[in-house]
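Asker: Here you go, this is my_file_29.txt (compact mmCIF, C-alpha atoms and all ligand atoms).
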# COMPACT_ATOMS: atom_id res chain seq x y z
CA MET Q 1 94.93 124.08 85.26
CA LEU Q 2 94.11 120.57 86.41
CA GLU Q 3 94.46 121.66 90.00
CA LYS Q 4 92.04 124.51 89.31
CA LEU Q 5 89.61 122.08 87.76
CA SER Q 6 90.01 119.81 90.73
CA LYS Q 7 89.27 122.67 93.17
CA TRP Q 8 86.31 123.79 91.13
CA LYS Q 9 84.94 120.25 91.03
CA SER Q 10 85.35 119.93 94.80
CA SER Q 11 82.74 122.63 95.27
CA LEU Q 12 80.14 120.63 93.33
CA SER Q 13 77.80 118.05 94.78
CA SER Q 14 78.19 114.40 93.92
CA GLN Q 15 75.14 114.48 91.63
CA GLU Q 16 76.40 117.63 89.90
CA ILE Q 17 79.76 116.02 89.24
CA LYS Q 18 78.06 112.87 87.99
CA ASP Q 19 75.96 115.00 85.64
CA GLU Q 20 79.19 116.54 84.40
CA LEU Q 21 80.63 113.17 83.51
CA ASP Q 22 80.76 112.04 79.94
CA GLN Q 23 79.01 108.68 80.18
CA ALA Q 24 80.77 107.54 77.00
CA ASN Q 25 84.19 108.09 78.57
CA ILE Q 26 84.00 106.37 81.94
CA PRO Q 27 87.36 104.68 82.65
CA LYS Q 28 86.78 100.98 82.08
CA HIS Q 29 89.39 99.87 84.59
CA ILE Q 30 90.09 101.86 87.76
CA ALA Q 31 92.87 100.74 90.10
CA ILE Q 32 93.14 102.20 93.59
CA ILE Q 33 95.98 102.30 96.10
CA MET Q 34 93.95 102.73 99.27
CA ASP Q 35 96.39 104.56 101.55
CA GLY Q 36 96.17 106.53 104.78
CA ASN Q 37 94.19 104.28 107.10
CA GLY Q 38 96.90 104.44 109.78
CA ARG Q 39 97.20 108.23 109.66
CA TRP Q 40 93.43 108.62 109.74
CA ALA Q 41 93.31 106.58 112.94
CA LYS Q 42 96.30 108.37 114.46
CA ASN Q 43 94.71 111.77 113.78
CA LYS Q 44 91.74 110.63 115.78
CA GLY Q 45 93.78 109.09 118.59
CA LEU Q 46 92.61 105.61 117.60
CA PRO Q 47 94.57 102.40 117.03
CA ARG Q 48 95.66 101.77 113.42
CA ILE Q 49 93.21 98.93 113.02
CA ALA Q 50 90.35 101.39 113.50
CA GLY Q 51 91.56 103.06 110.29
CA HIS Q 52 91.48 99.75 108.45
CA ARG Q 53 87.97 99.02 109.72
CA GLU Q 54 86.80 102.40 108.45
CA GLY Q 55 88.67 101.79 105.21
CA MET Q 56 86.69 98.61 104.68
CA LYS Q 57 83.43 100.58 104.86
CA VAL Q 58 84.72 102.87 102.13
CA VAL Q 59 85.44 99.85 99.91
CA ASN Q 60 81.77 99.09 100.03
CA LYS Q 61 80.74 102.59 98.93
CA VAL Q 62 83.33 102.77 96.17
CA VAL Q 63 82.31 99.39 94.74
CA GLN Q 64 78.68 100.54 94.59
CA LYS Q 65 79.59 103.80 92.93
CA ALA Q 66 81.92 102.22 90.40
CA ASN Q 67 79.22 99.73 89.51
CA ASP Q 68 76.62 102.53 89.17
CA LEU Q 69 78.91 104.45 86.85
CA GLY Q 70 79.45 101.46 84.59
CA VAL Q 71 83.11 100.84 85.42
CA GLU Q 72 84.08 97.36 84.14
CA VAL Q 73 86.99 96.54 86.45
CA LEU Q 74 87.85 97.92 89.88
CA THR Q 75 91.19 96.77 91.26
CA LEU Q 76 91.83 97.47 94.94
CA TYR Q 77 95.26 97.13 96.56
CA ALA Q 78 94.21 95.53 99.84
CA PHE Q 79 97.47 93.91 100.97
CA SER Q 80 100.94 94.02 99.44
CA THR Q 81 103.73 91.45 99.58
CA GLU Q 82 105.56 94.02 101.74
CA ASN Q 83 102.70 94.47 104.24
CA TRP Q 84 103.77 91.29 106.12
CA LYS Q 85 106.46 93.50 107.71
CA ARG Q 86 103.78 95.18 109.83
CA PRO Q 87 103.16 94.19 113.48
CA LYS Q 88 101.49 90.80 113.72
CA THR Q 89 98.34 92.20 115.33
CA GLU Q 90 97.86 94.57 112.39
CA VAL Q 91 98.53 91.84 109.81
CA ASP Q 92 96.10 89.52 111.59
CA TYR Q 93 93.46 92.23 111.51
CA LEU Q 94 94.05 93.01 107.84
CA MET Q 95 93.67 89.30 107.08
CA LYS Q 96 90.24 89.32 108.70
CA LEU Q 97 88.93 92.16 106.59
CA PRO Q 98 88.33 90.38 103.26
CA GLU Q 99 86.41 87.72 105.14
CA ARG Q 100 84.40 90.24 107.11
CA PHE Q 101 83.68 92.30 104.02
CA LEU Q 102 82.59 89.30 101.99
CA ASN Q 103 80.49 87.79 104.79
CA ASN Q 104 78.52 91.03 104.94
CA GLU Q 105 78.50 91.98 101.28
CA LEU Q 106 78.43 88.79 99.24
CA PRO Q 107 74.61 88.68 98.93
CA LYS Q 108 74.60 92.30 97.74
CA LEU Q 109 77.49 91.66 95.34
CA MET Q 110 75.50 88.75 93.90
CA GLU Q 111 72.39 90.91 93.56
CA GLU Q 112 74.44 93.54 91.76
CA ASN Q 113 76.05 91.01 89.43
CA VAL Q 114 79.57 91.81 90.70
CA LYS Q 115 82.27 89.26 89.94
CA VAL Q 116 85.00 88.91 92.57
CA ARG Q 117 88.49 88.21 91.28
CA LEU Q 118 91.86 87.92 92.98
CA MET Q 119 95.38 88.89 92.13
CA GLY Q 120 98.32 87.93 94.37
CA SER Q 121 99.85 84.91 96.10
CA ILE Q 122 96.65 83.56 97.56
CA GLU Q 123 98.30 80.29 98.67
CA GLU Q 124 100.23 82.14 101.40
CA LEU Q 125 97.17 83.72 103.01
CA PRO Q 126 95.84 82.33 106.30
CA GLU Q 127 93.40 79.49 105.73
CA HIS Q 128 90.34 81.48 106.89
CA THR Q 129 91.12 84.37 104.53
CA LYS Q 130 91.79 82.06 101.61
CA LYS Q 131 88.58 80.17 102.23
CA ALA Q 132 86.47 83.36 102.31
CA VAL Q 133 87.95 84.89 99.18
CA LEU Q 134 87.88 81.68 97.15
CA LYS Q 135 84.25 81.15 98.13
CA ALA Q 136 83.41 84.64 96.85
CA VAL Q 137 85.27 83.98 93.60
CA ARG Q 138 83.42 80.69 93.14
CA GLU Q 139 79.98 82.07 93.96
CA THR Q 140 80.32 85.11 91.73
CA GLU Q 141 82.13 83.43 88.83
CA ASN Q 142 79.15 83.57 86.47
CA ASN Q 143 78.33 87.21 87.23
CA THR Q 144 78.79 89.54 84.31
CA GLY Q 145 78.83 93.00 85.91
CA LEU Q 146 81.69 94.90 87.55
CA ILE Q 147 84.83 92.81 88.11
CA LEU Q 148 86.03 93.51 91.64
CA ASN Q 149 89.69 92.55 91.55
CA PHE Q 150 91.26 92.35 95.00
CA ALA Q 151 95.05 92.62 95.05
CA LEU Q 152 95.84 90.51 98.10
CA ASN Q 153 99.39 89.59 98.96
CA TYR Q 154 100.22 91.22 95.63
CA GLY Q 155 103.53 92.69 94.51
CA SER Q 156 104.28 93.72 90.98
CA ARG Q 157 107.91 92.60 90.98
CA PHE Q 158 106.90 89.19 92.27
CA GLU Q 159 104.24 89.01 89.58
CA LEU Q 160 106.78 89.84 86.85
CA MET Q 161 109.36 87.37 88.19
CA ASN Q 162 106.70 84.70 88.37
CA ALA Q 163 105.61 85.35 84.77
CA ILE Q 164 109.23 85.28 83.59
CA LYS Q 165 109.82 81.94 85.34
CA LYS Q 166 106.70 80.45 83.73
CA ILE Q 167 107.88 81.63 80.32
CA ALA Q 168 111.44 80.36 80.91
CA LYS Q 169 109.94 76.91 81.63
CA GLN Q 170 108.05 77.01 78.33
CA VAL Q 171 111.29 77.88 76.53
CA GLU Q 172 113.10 75.09 78.39
CA MET Q 173 110.42 72.61 77.36
CA GLY Q 174 110.68 73.77 73.77
CA THR Q 175 107.06 74.97 73.49
CA LEU Q 176 108.16 78.59 72.99
CA THR Q 177 111.22 80.19 71.40
CA PRO Q 178 112.73 83.48 72.64
CA GLU Q 179 111.89 84.96 69.21
CA GLU Q 180 108.20 84.10 69.64
CA LEU Q 181 108.00 85.81 73.02
CA ASN Q 182 106.04 89.07 72.85
CA GLU Q 183 104.08 91.44 75.13
CA SER Q 184 100.89 89.50 74.71
CA ILE Q 185 102.52 86.23 75.85
CA LEU Q 186 104.03 87.99 78.87
CA GLU Q 187 100.63 89.46 79.75
CA LYS Q 188 98.97 86.06 79.53
CA ASN Q 189 101.39 84.83 82.19
CA MET Q 190 100.67 87.67 84.59
CA MET Q 191 98.02 87.89 87.29
CA THR Q 192 95.98 90.30 85.20
CA ALA Q 193 95.69 87.88 82.25
CA GLU Q 194 92.40 88.66 80.43
CA LEU Q 195 91.98 92.05 82.19
CA ARG Q 196 92.53 95.27 80.30
CA ASP Q 197 95.14 97.66 81.73
CA PRO Q 198 93.93 100.30 84.20
CA ASP Q 199 92.76 103.50 82.53
CA LEU Q 200 92.88 105.41 85.78
CA LEU Q 201 95.06 104.87 88.83
CA ILE Q 202 94.05 106.58 92.07
CA ARG Q 203 96.19 106.86 95.19
CA THR Q 204 94.94 108.47 98.36
CA SER Q 205 96.75 110.05 101.33
CA GLY Q 206 99.13 112.39 99.51
CA GLU Q 207 101.83 109.80 98.74
CA ILE Q 208 103.05 110.09 95.15
CA ARG Q 209 104.44 106.65 94.45
CA LEU Q 210 103.43 103.27 93.04
CA SER Q 211 104.62 101.02 95.88
CA ASN Q 212 105.15 97.96 93.68
CA PHE Q 213 101.64 98.13 92.23
CA MET Q 214 100.91 97.02 88.65
CA LEU Q 215 104.18 98.42 87.30
CA TRP Q 216 103.72 96.84 83.88
CA GLN Q 217 99.98 97.48 83.58
CA VAL Q 218 99.98 101.22 84.40
CA ALA Q 219 102.39 102.11 81.58
CA TYR Q 220 99.69 104.29 79.93
CA SER Q 221 97.26 104.81 82.81
CA GLU Q 222 96.24 108.27 83.93
CA PHE Q 223 97.24 108.95 87.55
CA TRP Q 224 95.16 110.88 90.07
CA PHE Q 225 96.60 111.57 93.49
CA THR Q 226 94.68 113.08 96.36
CA ASP Q 227 95.59 114.14 99.90
CA VAL Q 228 92.34 112.62 101.16
CA LEU Q 229 93.01 109.70 103.51
CA TRP Q 230 91.33 106.47 102.40
CA PRO Q 231 88.76 106.35 105.25
CA ASP Q 232 87.62 109.84 104.20
CA PHE Q 233 87.40 108.93 100.51
CA ASN Q 234 83.86 108.83 99.15
CA GLU Q 235 81.77 108.64 96.01
CA LYS Q 236 82.29 112.32 95.35
CA HIS Q 237 86.06 111.90 95.24
CA LEU Q 238 85.67 109.00 92.82
CA THR Q 239 83.51 111.04 90.46
CA GLU Q 240 85.95 113.94 90.80
CA ALA Q 241 88.84 111.67 89.80
CA ILE Q 242 86.86 110.51 86.77
CA ALA Q 243 85.98 114.09 85.83
CA VAL Q 244 89.69 114.99 85.86
CA TYR Q 245 90.49 111.83 83.87
CA GLN Q 246 87.98 112.89 81.23
CA LYS Q 247 89.85 116.16 80.70
CA ARG Q 248 93.09 114.36 79.96
CA ALA Q 249 94.20 113.71 76.39
CA ARG Q 250 95.46 110.14 76.21
CA ARG Q 251 98.01 109.92 73.43
CA TYR Q 252 99.82 106.65 74.16
CA GLY Q 253 103.03 108.11 72.88
CA GLY Q 254 101.40 109.52 69.73
CA VAL Q 255 100.52 113.15 69.00
C1 LIG U 1 97.33 101.43 103.61
O1 LIG U 1 97.14 102.36 104.63
C2 LIG U 1 96.26 100.46 103.65
C3 LIG U 1 96.43 99.11 103.76
C4 LIG U 1 97.74 98.46 103.82
C5 LIG U 1 95.26 98.24 103.85
C6 LIG U 1 94.16 98.60 102.97
C7 LIG U 1 92.97 97.88 103.39
C8 LIG U 1 91.74 98.40 103.41
C9 LIG U 1 91.42 99.75 102.95
C10 LIG U 1 90.59 97.60 103.83
C11 LIG U 1 90.51 96.40 102.95
C12 LIG U 1 89.17 95.95 102.81
C13 LIG U 1 88.85 94.84 102.16
C14 LIG U 1 87.46 94.61 101.87
C15 LIG U 1 89.84 93.83 101.74
P1 LIG U 1 98.25 102.46 105.76
O2 LIG U 1 97.91 101.52 106.83
O3 LIG U 1 99.61 102.24 105.15
O4 LIG U 1 98.09 103.93 106.21
P2 LIG U 1 99.25 104.92 106.69
O5 LIG U 1 100.17 105.11 105.51
O6 LIG U 1 98.52 106.17 107.05
O7 LIG U 1 99.93 104.27 107.86
Represent the structure of the file as C-alpha cells.

Answerer:
Amino acid sequence: MLEKLSKWKSSLSSQEIKDELDQANIPKHIAIIMDGNGRWAKNKGLPRIAGHREGMKVVNKVVQKANDLGVEVLTLYAFSTENWKRPKTEVDYLMKLPERFLNNELPKLMEENVKVRLMGSIEELPEHTKKAVLKAVRETENNTGLILNFALNYGSRFELMNAIKKIAKQVEMGTLTPEELNESILEKNMMTAELRDPDLLIRTSGEIRLSNFMLWQVAYSEFWFTDVLWPDFNEKHLTEAIAVYQKRARRYGGV
C-alpha cells in the first residue's frame, strides 16, 4: 500500500506533491543518512570524491526545501566516527566540504534565518574544518529559523557512552543518585540535548540500516528508505518522503 502510494506520488510534480501535503503535519525534525555518493560516482566512471562534491550541492537544495516547508530541525549525517577508516584522500576531501559549503552558503543561511548546530566530536576534526563550522555556529546562533544540525564525526554509541560517563561522574560526585536518573537526564547529557527526537528518518541509496545514527533518538521515528543515491536526491524526493510520513499512524506503542 505504502509502496503503491510512493509510486503514485513519484508521478506527481514537486508542486503537486507540496500541494498534497498537510501543512499542519510537517515533520518537525527530519534526520537524513545521506548515502550513495561513492556509487553515484562509480556509475559515472568518476572518482568517489566527485560523488561527495555533488552530494554537497544536494545539501544546499534540501536545506532550502526543508526551510520552505517549515521543518524545525534538519539533521544531516555528514561524517561518522567510522568514516575515518576511508582512504586518507577521501577523508581529507570530506573534511573540506563543510568549510566549502559554509563559505559559499553562510550569507544565504543568515538571510534565511537558519541556525547551524553541530553534533559529534568536533575537537578531533582538522583545525580548518573546526574553524569553519564553529564560525557558522557562532554567526548563526541568534537565528530562529530552521536548525541545521550537522552530524560530524558523530557515532551514536560514542554519544551514549559519553553521556553515561558524564552521568557516572555526577553520581560519583554525589550530585545525582542512581534512583534519580531518568530518560530526561540521559537526554540532557546527549549531543541532541534541547532538540526534539526526529519525526522522520530518511536514508538514501537502498541500504536499510541505521549505521550507528541516533539509535536512542529514533526510537519512535518514522523511517523512509529510498533507492535514490544521495547526489540524485532532490526536493521532490523530500516532499514525497513527507507525503508518505503523513499517511502513517504514529501510535508510540499505544493503539
Ligand atoms: C555516504 O556515501 C556519504 C558520506 C560518508 C558523506 C556524506 C557527505 C555529503 C553528502 C556531503 C556533505 C556536505 C556538507 C555540507 C557537510 P558513501 O560515500 O558511503 O557512498 P557509497 O555507499 O555509495 O560508497

Asker: Residues within 9 Å of ligand LIG 1 (chain U) (all atoms listed in the file), as a ChimeraX atom specification?

Answerer: /Q:33-42,48-49,51-60,76-80,83,90-91,94-102,150-152,205,207,229-231

Asker: Measuring between all atoms listed in the file, which one of Q:Lys115, Q:Asn103, Q:Glu82, Q:Met214 shows the shortest distance to Q:Ile147?

Answerer: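 Closest residue, counting all atoms listed in the file: Q:Lys115.
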
Asker: Identify which of the residues Q:Leu238, Q:Met191, Q:Val171, Q:Leu21 lies closest to Q:Gly120, counting only C-alpha atoms when measuring atom-to-atom distances.

Answerer: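 Closest to Q:Gly120, using only C-alpha atoms: Q:Met191.
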
Asker: Any idea what's packed within 12 Å of stretch 160-162 of chain Q, counting all atoms listed in the file, ignoring anything in its chain fewer than 4 positions away? Could you give it as a ChimeraX atom specification?

Answerer: /Q:120-121,154-156,166-169,186-192,212-217

Asker: Would you work out the distance separating atom CA of Q:Thr144 from atom CA of Q:Val63, expressed in Å to one decimal?

Answerer: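 Atom CA of Q:Val63 lies 14.8 Å from atom CA of Q:Thr144.
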
Asker: Between atom CA of Q:Val137 and atom CA of Q:Thr75, measure the distance and give it in Å to one decimal.

Answerer: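 Computing the Euclidean distance for atom CA of Q:Val137 and atom CA of Q:Thr75 yields 14.3 Å.
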
Asker: Pick from Q:Ala132, Q:Ile185, Q:Met110, Q:Ala31: nearest to Q:Leu210, with only C-alpha atoms counted?

Answerer: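 For Q:Leu210, the nearest of the candidates is Q:Ala31.
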
Asker: Nearest to Q:Ala193: which of Q:Ala66, Q:Ala249, Q:Val244, Q:Leu118 is it, counting all atoms listed in the file?

Answerer: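 Closest candidate: Q:Leu118.
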
Asker: Work out how far apart atom CA of Q:Gln246 and atom CA of Q:Pro198 are and give it in Å to one decimal.

Answerer: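 So the two atoms, atom CA of Q:Gln246 and atom CA of Q:Pro198, lie 14.2 Å apart.
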
Asker: If we count all atoms listed in the file and set the cut-off at 10 Å, which residues sit around Q:Asn67, ignoring sequence neighbours fewer than 3 positions away in its own chain? Please answer as a PyMOL selection string.

Answerer: chain Q and resi 61-64+70-74+112-114+145-148

Asker: Go ahead and dump the residues you just picked, C-alpha atoms, as a PDB file, in the frame of the given file.

Answerer:
ATOM      1  CA  LYS Q  61      80.740 102.590  98.930  1.00  0.00           C
ATOM      2  CA  VAL Q  62      83.330 102.770  96.170  1.00  0.00           C
ATOM      3  CA  VAL Q  63      82.310  99.390  94.740  1.00  0.00           C
ATOM      4  CA  GLN Q  64      78.680 100.540  94.590  1.00  0.00           C
ATOM      5  CA  GLY Q  70      79.450 101.460  84.590  1.00  0.00           C
ATOM      6  CA  VAL Q  71      83.110 100.840  85.420  1.00  0.00           C
ATOM      7  CA  GLU Q  72      84.080  97.360  84.140  1.00  0.00           C
ATOM      8  CA  VAL Q  73      86.990  96.540  86.450  1.00  0.00           C
ATOM      9  CA  LEU Q  74      87.850  97.920  89.880  1.00  0.00           C
ATOM     10  CA  GLU Q 112      74.440  93.540  91.760  1.00  0.00           C
ATOM     11  CA  ASN Q 113      76.050  91.010  89.430  1.00  0.00           C
ATOM     12  CA  VAL Q 114      79.570  91.810  90.700  1.00  0.00           C
ATOM     13  CA  GLY Q 145      78.830  93.000  85.910  1.00  0.00           C
ATOM     14  CA  LEU Q 146      81.690  94.900  87.550  1.00  0.00           C
ATOM     15  CA  ILE Q 147      84.830  92.810  88.110  1.00  0.00           C
ATOM     16  CA  LEU Q 148      86.030  93.510  91.640  1.00  0.00           C
TER      17      LEU Q 148
END

Asker: Find the residue from Q:Glu159, Q:Pro107, Q:Ile164, Q:Gln23 that sits nearest to Q:Glu139; use all atoms listed in the file when measuring.

Answerer: Q:Pro107

Asker: Counting all atoms listed in the file, figure out which residue out of Q:Leu201, Q:Ala24, Q:Leu109, Q:Val116 gets nearest to Q:Asn149.

Answerer: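 Distance minimum relative to Q:Asn149 lands on Q:Val116.
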